[in-house]
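Dropping data.txt in here (compact mmCIF, C-alpha atoms):
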# COMPACT_ATOMS: atom_id res chain seq x y z
CA MET A 145 -37.50 -7.23 -34.63
CA ASN A 146 -38.42 -3.53 -34.80
CA ASN A 147 -38.87 -3.48 -31.03
CA PHE A 148 -35.42 -4.99 -30.61
CA ARG A 149 -33.90 -2.30 -32.87
CA VAL A 150 -35.61 0.45 -30.92
CA PHE A 151 -34.36 -1.07 -27.66
CA SER A 152 -30.84 -1.39 -29.05
CA LEU A 153 -30.90 2.23 -30.20
CA PHE A 154 -32.09 3.30 -26.75
CA VAL A 155 -29.26 1.40 -25.05
CA TYR A 156 -26.70 2.87 -27.46
CA VAL A 157 -27.88 6.42 -26.86
CA PHE A 158 -28.01 5.83 -23.10
CA LEU A 159 -24.45 4.54 -23.04
CA LEU A 160 -23.28 7.32 -25.37
CA PHE A 161 -24.39 10.02 -22.95
CA LEU A 162 -23.56 8.16 -19.76
CA PRO A 163 -20.85 10.10 -17.89
CA PRO A 164 -17.51 8.28 -17.85
CA ILE A 165 -16.67 6.38 -14.67
CA ALA A 166 -12.98 5.87 -15.35
CA SER A 167 -12.15 6.75 -11.77
CA LEU A 168 -14.00 3.65 -10.65
CA THR A 169 -11.67 1.39 -12.62
CA VAL A 170 -8.25 2.94 -12.03
CA GLN A 171 -5.87 0.44 -10.48
CA ALA A 172 -2.68 1.41 -8.67
CA PHE A 173 -1.41 -2.14 -8.15
CA THR A 174 -0.21 -4.73 -10.67
CA GLY A 175 -0.05 -8.30 -9.40
CA THR A 176 0.12 -8.85 -5.63
CA TYR A 177 3.60 -7.84 -4.41
CA GLY A 178 5.05 -4.38 -3.84
CA ILE A 179 7.55 -2.57 -1.64
CA ASN A 180 7.89 0.67 0.31
CA TYR A 181 10.96 2.70 -0.59
CA GLY A 182 11.61 4.79 2.51
CA ARG A 183 14.59 7.15 2.52
CA ILE A 184 15.09 8.31 6.10
CA ALA A 185 18.77 7.44 5.81
CA ASP A 186 22.07 8.97 4.74
CA ASN A 187 23.75 5.82 3.46
CA ILE A 188 21.35 4.05 1.08
CA PRO A 189 21.88 3.59 -2.68
CA SER A 190 21.05 6.35 -5.16
CA PRO A 191 17.58 6.35 -6.79
CA ASP A 192 19.11 5.02 -10.04
CA GLU A 193 20.69 2.12 -8.16
CA VAL A 194 17.40 1.46 -6.36
CA VAL A 195 15.63 1.18 -9.72
CA THR A 196 18.27 -1.37 -10.77
CA LEU A 197 17.80 -3.28 -7.55
CA LEU A 198 14.00 -3.40 -7.76
CA ARG A 199 13.97 -4.43 -11.38
CA ALA A 200 16.54 -7.15 -10.81
CA ALA A 201 14.21 -8.38 -8.03
CA LYS A 202 11.23 -7.99 -10.43
CA ILE A 203 9.34 -5.86 -7.92
CA LYS A 204 7.11 -3.58 -9.97
CA ASN A 205 4.89 -1.85 -7.37
CA VAL A 206 6.62 0.83 -5.29
CA ARG A 207 5.46 3.37 -2.69
CA ILE A 208 7.41 6.42 -1.56
CA TYR A 209 6.45 8.80 1.23
CA ASP A 210 6.93 12.06 -0.67
CA ALA A 211 7.36 13.17 -4.28
CA GLU A 212 11.10 13.75 -4.39
CA HIS A 213 11.96 14.76 -7.95
CA SER A 214 15.26 12.89 -8.11
CA VAL A 215 13.34 9.68 -7.41
CA LEU A 216 10.60 10.48 -9.93
CA LYS A 217 13.25 11.15 -12.60
CA ALA A 218 15.09 7.90 -11.81
CA PHE A 219 11.84 5.94 -12.24
CA SER A 220 11.19 7.50 -15.67
CA GLY A 221 10.98 4.97 -18.48
CA THR A 222 11.38 1.98 -16.16
CA GLY A 223 7.86 0.55 -16.20
CA LEU A 224 7.77 0.56 -12.40
CA GLU A 225 4.40 1.57 -10.91
CA LEU A 226 4.88 4.34 -8.37
CA VAL A 227 2.61 5.67 -5.62
CA VAL A 228 3.83 9.04 -4.35
CA GLY A 229 3.04 10.48 -0.93
CA LEU A 230 1.68 13.82 0.19
CA PRO A 231 3.37 14.20 3.61
CA ASN A 232 1.29 14.83 6.74
CA GLY A 233 2.95 18.22 7.12
CA LEU A 234 1.20 19.48 3.98
CA LEU A 235 -2.32 18.28 4.82
CA LYS A 236 -3.59 21.46 6.49
CA ASP A 237 -2.45 23.64 3.60
CA MET A 238 -3.89 21.29 0.97
CA SER A 239 -7.18 21.07 2.85
CA ALA A 240 -7.51 24.85 3.16
CA ASN A 241 -6.33 25.83 -0.31
CA ALA A 242 -7.50 24.09 -3.49
CA ASP A 243 -5.10 26.16 -5.59
CA HIS A 244 -2.14 24.83 -3.61
CA ALA A 245 -3.41 21.29 -4.15
CA MET A 246 -3.57 21.94 -7.89
CA GLU A 247 -0.02 23.35 -7.87
CA TRP A 248 1.25 20.33 -5.95
CA VAL A 249 -0.34 17.86 -8.38
CA LYS A 250 0.95 19.78 -11.42
CA GLU A 251 4.52 20.02 -10.07
CA ASN A 252 4.85 16.56 -8.55
CA VAL A 253 2.61 14.32 -10.66
CA GLN A 254 1.51 15.77 -13.99
CA ALA A 255 5.01 17.06 -14.82
CA PHE A 256 6.41 13.50 -14.68
CA LEU A 257 3.64 11.65 -16.50
CA PRO A 258 3.55 9.53 -18.56
CA GLU A 259 7.28 8.67 -18.58
CA THR A 260 7.20 8.00 -14.84
CA HIS A 261 4.29 5.71 -14.11
CA ILE A 262 2.77 7.56 -11.16
CA CYS A 263 -0.37 5.52 -10.52
CA GLY A 264 -1.38 6.80 -7.10
CA ILE A 265 -1.15 9.56 -4.52
CA ALA A 266 -1.23 8.59 -0.84
CA VAL A 267 -2.63 11.63 0.96
CA GLY A 268 -1.07 11.54 4.44
CA ASN A 269 -0.05 8.42 6.33
CA GLU A 270 -1.66 6.97 9.47
CA VAL A 271 -3.46 10.24 10.22
CA LEU A 272 -6.65 8.96 11.86
CA GLY A 273 -5.85 7.36 15.20
CA GLY A 274 -2.65 9.39 15.39
CA SER A 275 -1.68 11.97 18.00
CA ASP A 276 -2.22 15.14 15.91
CA TYR A 277 -5.97 15.72 16.13
CA GLU A 278 -5.83 18.80 13.89
CA LEU A 279 -4.78 16.55 11.04
CA TRP A 280 -7.84 14.37 11.58
CA GLY A 281 -10.03 17.28 10.59
CA ALA A 282 -7.83 18.28 7.65
CA LEU A 283 -7.54 14.86 6.02
CA LEU A 284 -10.85 14.71 4.11
CA GLY A 285 -10.47 18.23 2.73
CA ALA A 286 -6.94 17.45 1.54
CA VAL A 287 -8.09 14.19 -0.07
CA LYS A 288 -10.93 15.97 -1.89
CA ASN A 289 -8.78 18.86 -3.09
CA ILE A 290 -6.05 16.55 -4.37
CA TYR A 291 -8.64 14.35 -6.11
CA ASN A 292 -10.39 17.35 -7.66
CA ALA A 293 -7.05 18.63 -8.96
CA VAL A 294 -6.30 15.21 -10.47
CA LYS A 295 -9.77 15.10 -12.04
CA LYS A 296 -9.50 18.63 -13.51
CA LEU A 297 -6.21 17.61 -15.12
CA ASN A 298 -7.95 14.53 -16.60
CA LEU A 299 -5.65 12.19 -14.66
CA ASP A 300 -8.34 10.48 -12.58
CA ASP A 301 -8.30 7.44 -14.87
CA VAL A 302 -4.55 7.08 -14.25
CA VAL A 303 -3.91 8.23 -10.68
CA GLN A 304 -5.71 6.71 -7.68
CA ILE A 305 -6.17 8.69 -4.46
CA THR A 306 -5.82 6.89 -1.11
CA THR A 307 -4.68 7.27 2.49
CA ALA A 308 -3.18 4.56 4.68
CA HIS A 309 -4.46 3.67 8.16
CA SER A 310 -2.79 1.97 11.10
CA GLN A 311 -4.46 -0.52 13.42
CA ALA A 312 -5.09 2.43 15.76
CA VAL A 313 -8.34 3.21 13.91
CA PHE A 314 -9.90 -0.01 15.23
CA SER A 315 -11.44 -0.52 18.65
CA ASN A 316 -11.14 -4.30 18.63
CA SER A 317 -9.82 -6.80 16.13
CA TYR A 318 -10.15 -10.15 17.89
CA PRO A 319 -11.84 -12.19 16.70
CA PRO A 320 -11.79 -10.54 13.25
CA SER A 321 -15.59 -10.38 12.93
CA SER A 322 -15.85 -8.19 16.04
CA CYS A 323 -13.75 -5.39 14.58
CA THR A 324 -15.22 -1.90 14.44
CA PHE A 325 -13.81 1.58 14.05
CA ARG A 326 -13.04 3.44 17.26
CA ASP A 327 -15.81 5.73 18.46
CA ASN A 328 -13.67 8.86 18.22
CA VAL A 329 -12.52 7.90 14.70
CA VAL A 330 -15.91 7.10 13.16
CA GLN A 331 -17.01 10.71 12.60
CA TYR A 332 -13.90 11.28 10.47
CA MET A 333 -13.71 7.83 8.91
CA LYS A 334 -17.27 7.56 7.56
CA PRO A 335 -17.16 10.68 5.33
CA LEU A 336 -13.74 9.54 4.08
CA LEU A 337 -15.09 6.07 3.25
CA GLU A 338 -18.10 7.60 1.53
CA PHE A 339 -15.84 9.66 -0.71
CA PHE A 340 -13.50 6.75 -1.47
CA ALA A 341 -16.50 4.58 -2.34
CA GLN A 342 -17.65 7.24 -4.81
CA VAL A 343 -14.28 7.43 -6.57
CA GLY A 344 -13.45 3.72 -6.37
CA SER A 345 -10.49 3.87 -3.98
CA PRO A 346 -9.60 0.98 -1.66
CA PHE A 347 -9.15 0.99 2.12
CA CYS A 348 -5.39 1.03 2.72
CA LEU A 349 -4.15 -0.77 5.82
CA ASN A 350 -0.72 -0.87 7.46
CA ALA A 351 -0.80 -4.32 9.06
CA TYR A 352 2.01 -5.63 11.27
CA PRO A 353 1.76 -9.06 12.89
CA PHE A 354 5.20 -8.18 14.29
CA LEU A 355 3.76 -5.30 16.34
CA ALA A 356 0.73 -7.32 17.42
CA TYR A 357 2.92 -10.16 18.61
CA MET A 358 5.29 -7.78 20.42
CA SER A 359 2.36 -6.23 22.27
CA ASP A 360 1.14 -9.58 23.66
CA PRO A 361 3.75 -12.34 23.32
CA GLU A 362 2.25 -14.29 26.22
CA ASN A 363 -1.03 -14.90 24.41
CA ILE A 364 -0.04 -14.90 20.73
CA ASP A 365 1.70 -17.87 19.13
CA ILE A 366 4.67 -16.50 17.18
CA ASN A 367 4.17 -19.26 14.59
CA TYR A 368 0.72 -17.78 13.89
CA ALA A 369 2.36 -14.40 13.25
CA LEU A 370 5.08 -15.91 11.03
CA PHE A 371 2.81 -17.98 8.71
CA LYS A 372 4.23 -21.17 10.24
CA SER A 373 2.30 -24.32 11.10
CA THR A 374 -0.06 -23.64 14.00
CA GLN A 375 -3.57 -24.39 15.22
CA GLY A 376 -4.50 -20.79 14.39
CA ILE A 377 -7.69 -19.17 15.62
CA TYR A 378 -11.39 -19.79 15.13
CA ASP A 379 -13.96 -17.02 14.67
CA PRO A 380 -17.29 -18.37 16.01
CA LYS A 381 -19.43 -15.61 14.48
CA THR A 382 -18.33 -16.33 10.90
CA ASP A 383 -17.36 -19.98 11.48
CA LEU A 384 -14.02 -19.26 9.83
CA HIS A 385 -10.54 -20.53 10.69
CA TYR A 386 -7.36 -18.46 10.41
CA ASP A 387 -3.94 -20.04 10.11
CA ASN A 388 -2.02 -16.75 10.03
CA MET A 389 -2.39 -13.35 11.65
CA LEU A 390 -2.11 -11.20 8.53
CA ASP A 391 -5.25 -12.73 7.03
CA ALA A 392 -7.01 -12.13 10.34
CA GLN A 393 -5.91 -8.48 10.41
CA ILE A 394 -7.15 -7.95 6.86
CA ASP A 395 -10.50 -9.59 7.62
CA ALA A 396 -10.82 -7.48 10.76
CA ALA A 397 -10.61 -4.43 8.47
CA TYR A 398 -13.23 -5.96 6.17
CA ALA A 399 -15.48 -6.52 9.19
CA ALA A 400 -15.09 -2.90 10.31
CA LEU A 401 -15.86 -1.69 6.79
CA GLU A 402 -18.95 -3.88 6.60
CA ASN A 403 -20.10 -2.63 10.00
CA ALA A 404 -19.70 0.94 8.72
CA GLY A 405 -21.74 0.17 5.61
CA TYR A 406 -18.94 -0.39 3.07
CA LYS A 407 -18.98 -4.13 2.52
CA LYS A 408 -17.79 -3.91 -1.10
CA MET A 409 -14.67 -1.80 -0.46
CA GLU A 410 -11.36 -3.58 -1.14
CA VAL A 411 -8.60 -3.70 1.47
CA VAL A 412 -5.01 -3.25 0.25
CA VAL A 413 -2.10 -3.76 2.65
CA THR A 414 0.12 -0.72 2.19
CA GLU A 415 2.70 -1.74 4.79
CA THR A 416 3.67 -5.02 6.39
CA GLY A 417 7.03 -6.39 7.48
CA TRP A 418 9.20 -7.74 10.28
CA ALA A 419 12.25 -6.17 11.91
CA SER A 420 15.53 -8.10 11.76
CA ARG A 421 17.07 -6.39 14.78
CA GLY A 422 15.75 -4.69 17.90
CA ASP A 423 16.35 -3.55 21.45
CA GLU A 424 16.59 -5.92 24.42
CA ASN A 425 12.83 -5.78 24.90
CA GLU A 426 12.26 -6.60 21.21
CA SER A 427 13.35 -10.21 21.30
CA ALA A 428 11.20 -11.18 18.30
CA ALA A 429 13.18 -8.82 16.06
CA THR A 430 15.71 -11.29 14.68
CA VAL A 431 17.13 -12.04 11.26
CA ASN A 432 15.62 -15.51 11.35
CA ASN A 433 12.10 -14.26 12.17
CA ALA A 434 12.31 -11.48 9.57
CA ARG A 435 13.45 -13.96 6.94
CA THR A 436 10.69 -16.40 7.88
CA TYR A 437 7.94 -13.76 7.82
CA ASN A 438 8.96 -12.17 4.54
CA TYR A 439 9.70 -15.46 2.79
CA ASN A 440 6.36 -16.94 3.82
CA LEU A 441 4.56 -13.69 3.00
CA ARG A 442 6.03 -13.72 -0.50
CA LYS A 443 4.84 -17.31 -0.97
CA ARG A 444 1.38 -16.43 0.36
CA LEU A 445 1.01 -13.46 -2.01
CA ALA A 446 2.23 -15.51 -4.98
CA LYS A 447 -0.78 -17.81 -4.53
CA LYS A 448 -3.02 -14.87 -5.55
CA LYS A 449 -5.80 -15.86 -3.21
CA GLY A 450 -8.12 -14.00 -0.88
CA THR A 451 -8.81 -14.24 2.83
CA PRO A 452 -11.26 -16.53 4.64
CA LEU A 453 -13.88 -13.74 4.79
CA ARG A 454 -13.23 -12.39 1.28
CA PRO A 455 -11.91 -15.36 -0.73
CA LYS A 456 -12.45 -13.57 -4.06
CA ASN A 457 -10.49 -10.44 -3.07
CA VAL A 458 -6.89 -11.36 -3.87
CA VAL A 459 -4.55 -10.06 -1.16
CA LYS A 460 -2.15 -7.34 -2.32
CA ALA A 461 0.63 -6.03 -0.10
CA TYR A 462 3.51 -3.59 -0.11
CA ILE A 463 6.40 -4.85 2.01
CA PHE A 464 7.99 -2.53 4.53
CA ALA A 465 10.64 -1.82 3.57
CA ALA A 466 13.29 -1.75 0.88
CA PHE A 467 16.14 -0.63 3.17
CA ASN A 468 17.22 -0.37 6.75
CA GLU A 469 16.89 3.37 7.46
CA ASP A 470 19.57 4.55 9.86
CA LEU A 471 18.08 7.98 10.62
CA LYS A 472 14.65 6.82 11.74
CA PRO A 473 13.90 7.74 15.36
CA GLY A 474 12.55 5.40 18.02
CA ALA A 475 13.35 1.80 18.89
CA THR A 476 16.15 -0.08 17.14
CA SER A 477 13.58 -2.17 15.28
CA GLU A 478 12.39 0.97 13.43
CA ARG A 479 15.74 1.15 11.66
CA ASN A 480 15.86 -2.52 10.69
CA PHE A 481 12.84 -3.44 8.56
CA GLY A 482 14.76 -3.51 5.27
CA LEU A 483 14.94 -6.44 2.88
CA PHE A 484 18.22 -4.84 1.81
CA LYS A 485 21.08 -3.33 3.76
CA ALA A 486 22.20 0.24 3.16
CA ASP A 487 24.90 -0.92 0.71
CA GLY A 488 22.31 -2.68 -1.45
CA THR A 489 23.20 -6.23 -0.40
CA ILE A 490 20.43 -8.47 0.92
CA ALA A 491 19.71 -8.31 4.65
CA TYR A 492 18.71 -11.99 4.48
CA ASP A 493 17.82 -14.42 1.72
CA ILE A 494 14.18 -14.71 0.62
CA GLY A 495 15.05 -15.18 -3.05
CA PHE A 496 16.07 -11.67 -4.08
CA HIS A 497 19.52 -10.55 -5.20
CA GLY A 498 21.36 -7.46 -4.01
CA LEU A 499 23.29 -4.84 -5.97
CA ASP A 500 26.43 -6.97 -5.74
CA SER A 501 24.87 -9.74 -7.80
CA SER A 502 25.88 -10.28 -11.42
CA SER A 503 22.32 -9.75 -12.68
CA ALA A 504 22.04 -6.39 -10.92
CA LYS A 505 25.47 -5.30 -12.15
CA SER A 506 24.65 -6.18 -15.75
CA LEU A 507 21.31 -4.36 -15.54
CA LEU A 508 23.00 -1.28 -14.04
CA LEU A 509 25.50 -1.30 -16.90
CA TYR A 510 22.64 -1.65 -19.39
CA LEU A 511 20.89 1.37 -17.90
CA LYS A 512 24.04 3.49 -17.87
CA VAL A 513 24.52 2.91 -21.58
CA GLY A 514 21.29 4.82 -21.99
CA HIS A 515 18.65 2.24 -22.77
CA ARG A 516 16.15 3.64 -20.27
CA ASN A 517 13.11 2.08 -21.85
CA PHE A 518 13.83 -1.50 -20.85
CA ILE A 519 10.63 -2.87 -19.32
CA SER A 520 10.62 -5.60 -16.69
CA GLY A 521 8.80 -8.69 -17.87
CA ASN A 522 7.38 -9.52 -14.43
CA ASP A 523 4.32 -7.91 -12.90
CA GLY A 524 5.59 -8.31 -9.37
Represent the structure of the file as structure tokens.
Amino acid sequence: MNNFRVFSLFVYVFLLFLPPIASLTVQAFTGTYGINYGRIADNIPSPDEVVTLLRAAKIKNVRIYDAEHSVLKAFSGTGLELVVGLPNGLLKDMSANADHAMEWVKENVQAFLPETHICGIAVGNEVLGGSDYELWGALLGAVKNIYNAVKKLNLDDVVQITTAHSQAVFSNSYPPSSCTFRDNVVQYMKPLLEFFAQVGSPFCLNAYPFLAYMSDPENIDINYALFKSTQGIYDPKTDLHYDNMLDAQIDAAYAALENAGYKKMEVVVTETGWASRGDENESAATVNNARTYNYNLRKRLAKKKGTPLRPKNVVKAYIFAAFNEDLKPGATSERNFGLFKADGTIAYDIGFHGLDSSSAKSLLLYLKVGHRNFISGNDG
């Protein structure tokens, strides 16, 4: 008995002086379903109306691509979980100057907590694999300086630091088990992964079956991309079957991570969606296909299950996007990924209601009366 007491005392003292590892447990995602709130448009609803729309739809997880103060104020007291973005244009400065990183975090994150639930900072977007090679070298320094600022402000148990990657970081993703990081990306990716593993951040992936299908429509079954009934694909190395492309894209990322030595890192889908309209050479961009993809995706996420390769890692995804954004450059499809039209009505029906619905109108009225602390009862 005395030996047991001594052992218990030893364990107590050990745990008492063990440094806290709160950063390893911070979670920036509640449930499985979220949305990207892009604002490259001059005709979309105000931030207050967007809050009404998202809460009427019971979508709790939201990503924005900057830290616009009018948005952060609108989200105050709403219970919505917000990931803010540090734009690519600020990466070099944040990497070179820790004081500027601290100022940015104080002004754009700390100043709005805890009323606005800022649960994450996305440092840059699709940097590695992109065309600006100078940003490749600046990314890790910016990530570290932003994280260190968050930690010094004692916010590291509240705010998670991440960066999102496109499929361009991979050299091959078919079959999923063959996926590795591109040779010219590895030297930048590995130190980033090492740091994220230390602080408990996930690997964030922008995954678009729409783009994959558009790049090779002759050899890809569109039903496979749309979660519809299909024979799917078979991966001989893992002996696993895939009945939809999104699962395969996620498992390709898991395979690349395992190959790089980070088997335990979680993959979170930070963007996925389907365009409802496109140019003549974008024939798959139709309202029907967009409705099918997003409806089936919502059903798949609601099951709260993992992928064939990682069945215990429940898939989490942010849908791209909330609105059609009329000022986005590029192909017509780029301006037509929204679940909602610019006026707040639904672009197509997958079970949500637009701003013209009675539930949204009553919630907007409720908010205008001043009861800003109404909390949505759904985790999204």
Which of these residues is nearest to A:Ile366, using all atoms listed in the file: A:Ser322, A:Asn433, A:Thr306, A:Asn403?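 With all atoms listed in the file as the atom set, the closest residue is A:Asn433.
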Work out how far atom CA of A:Thr176 is from atom CA of A:Ala466, in Å to one decimal.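 Those two atoms sit 16.3 Å apart.
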State, in Å with one decimal place, the distance from atom CA of A:Glu225 to atom CA of A:Leu445. 17.8 Å
Test item: residues at most 10 Å from A:Gln171, only C-alpha atoms, excluding those fewer than 5 positions along its chain, as a PDB file with C-alpha atoms, in the frame of the given file:
ATOM      1  CA  CYS A 263      -0.370   5.520 -10.520  1.00  0.00           C
ATOM      2  CA  GLY A 264      -1.380   6.800  -7.100  1.00  0.00           C
ATOM      3  CA  ASP A 301      -8.300   7.440 -14.870  1.00  0.00           C
ATOM      4  CA  VAL A 302      -4.550   7.080 -14.250  1.00  0.00           C
ATOM      5  CA  VAL A 303      -3.910   8.230 -10.680  1.00  0.00           C
ATOM      6  CA  GLN A 304      -5.710   6.710  -7.680  1.00  0.00           C
ATOM      7  CA  GLY A 344     -13.450   3.720  -6.370  1.00  0.00           C
ATOM      8  CA  SER A 345     -10.490   3.870  -3.980  1.00  0.00           C
ATOM      9  CA  PRO A 346      -9.600   0.980  -1.660  1.00  0.00           C
TER      10      PRO A 346
END
For A:Asp379, which residue out of A:Thr260, A:Ser321, A:Asn205, A:Ser220 is the nearest one, using all atoms listed in the file?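 Residue with the minimum atom-to-atom distance to A:Asp379: A:Ser321.
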Spatial neighbours of A:Gly474, max dist 12 Å, all atoms listed in the file, sep filter under 6 positions, as number ranges by chain: A: 422-423, 480
From the options A:Ile208, A:Met246, A:Leu384, A:Val170, which residue's atoms come nearest to A:Arg183, counting only C-alpha atoms?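 Ranking A:Ile208, A:Met246, A:Leu384, A:Val170 by distance to A:Arg183, first place goes to A:Ile208.
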Pick from A:Ala185, A:Ile377, A:Val227, A:Leu297, whichever lies nearest to A:Lys250 using all atoms listed in the file: A:Leu297
Show me the residues close to (-2.7, 20.8, -10.9) - anything with an atom within 12 Å, counting all atoms listed in the file - and format the list as an MDAnalysis selection string. chainID A and resid 238 242:255 289:300
For stretch 211-214 of chain A, find every residue with an atom within 9 Å (counting all atoms listed in the file), except residues of its own chain fewer than 2 positions away, and show them as a VMD selection string. chain A and resid 191 to 192 208 to 209 216 to 219 227 to 231 252 to 253 256
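A straight line drawn from atom CA of A:Tyr181 to atom CA of A:Ile463 is 9.2 Å long.
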Taking all atoms of stretch 446-456 of chain A that appear in the file, build a box with edges along x, y and z, extend it by 6 Å on every side, and state its centre and edge lengths in Å to one decimal, as lines of an AutoDock Vina configuration file.
center_x = -5.8
center_y = -15.1
center_z = -0.4
size_x = 28.1
size_y = 17.4
size_z = 22.3
Polymer residues at most 7 Å from A:Asp395, only C-alpha atoms, same-chain spacing of 3 or more positions, as a list of chain:residue names: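 Skipping anything fewer than 3 positions along the chain leaves A:Pro320, A:Asp391, A:Ala392, A:Tyr398, A:Ala399, A:Thr451, A:Leu453.
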Selection export as a compact mmCIF listing (two decimals), in the coordinates of the input, atoms kept: C-alpha atoms:
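Output saved as out-v1.txt:
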# COMPACT_ATOMS: atom_id res chain seq x y z
CA PRO A 320 -11.79 -10.54 13.25
CA ASP A 391 -5.25 -12.73 7.03
CA ALA A 392 -7.01 -12.13 10.34
CA TYR A 398 -13.23 -5.96 6.17
CA ALA A 399 -15.48 -6.52 9.19
CA THR A 451 -8.81 -14.24 2.83
CA LEU A 453 -13.88 -13.74 4.79
With all atoms listed in the file as the basis for distance, which of A:Lys460, A:Thr476, A:Ile490, A:Arg199 is at the shortest distance from A:Gly175?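 Looking at the shortest contact to A:Gly175, the residue is A:Lys460.
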Residue contacts of stretch 328-333 of chain A (9 Å, all atoms listed in the file) excluding same-chain residues fewer than 2 positions away, as a list in words: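 Selected residues are Leu272, Gly273, Trp280, Gly281, Leu283, Leu284, Val313, Phe314, Phe325, Arg326, Pro335, Leu336, Leu337, Glu338 and Ala404 of chain A.
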Given the selection you just returned, output its residues as a file containing C-alpha atoms, formatted as a PDB file, in the frame of the given file.
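Dumped everything to out_35.pdb:
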ATOM      1  CA  LEU A 272      -6.650   8.960  11.860  1.00  0.00           C
ATOM      2  CA  GLY A 273      -5.850   7.360  15.200  1.00  0.00           C
ATOM      3  CA  TRP A 280      -7.840  14.370  11.580  1.00  0.00           C
ATOM      4  CA  GLY A 281     -10.030  17.280  10.590  1.00  0.00           C
ATOM      5  CA  LEU A 283      -7.540  14.860   6.020  1.00  0.00           C
ATOM      6  CA  LEU A 284     -10.850  14.710   4.110  1.00  0.00           C
ATOM      7  CA  VAL A 313      -8.340   3.210  13.910  1.00  0.00           C
ATOM      8  CA  PHE A 314      -9.900  -0.010  15.230  1.00  0.00           C
ATOM      9  CA  PHE A 325     -13.810   1.580  14.050  1.00  0.00           C
ATOM     10  CA  ARG A 326     -13.040   3.440  17.260  1.00  0.00           C
ATOM     11  CA  PRO A 335     -17.160  10.680   5.330  1.00  0.00           C
ATOM     12  CA  LEU A 336     -13.740   9.540   4.080  1.00  0.00           C
ATOM     13  CA  LEU A 337     -15.090   6.070   3.250  1.00  0.00           C
ATOM     14  CA  GLU A 338     -18.100   7.600   1.530  1.00  0.00           C
ATOM     15  CA  ALA A 404     -19.700   0.940   8.720  1.00  0.00           C
TER      16      ALA A 404
END
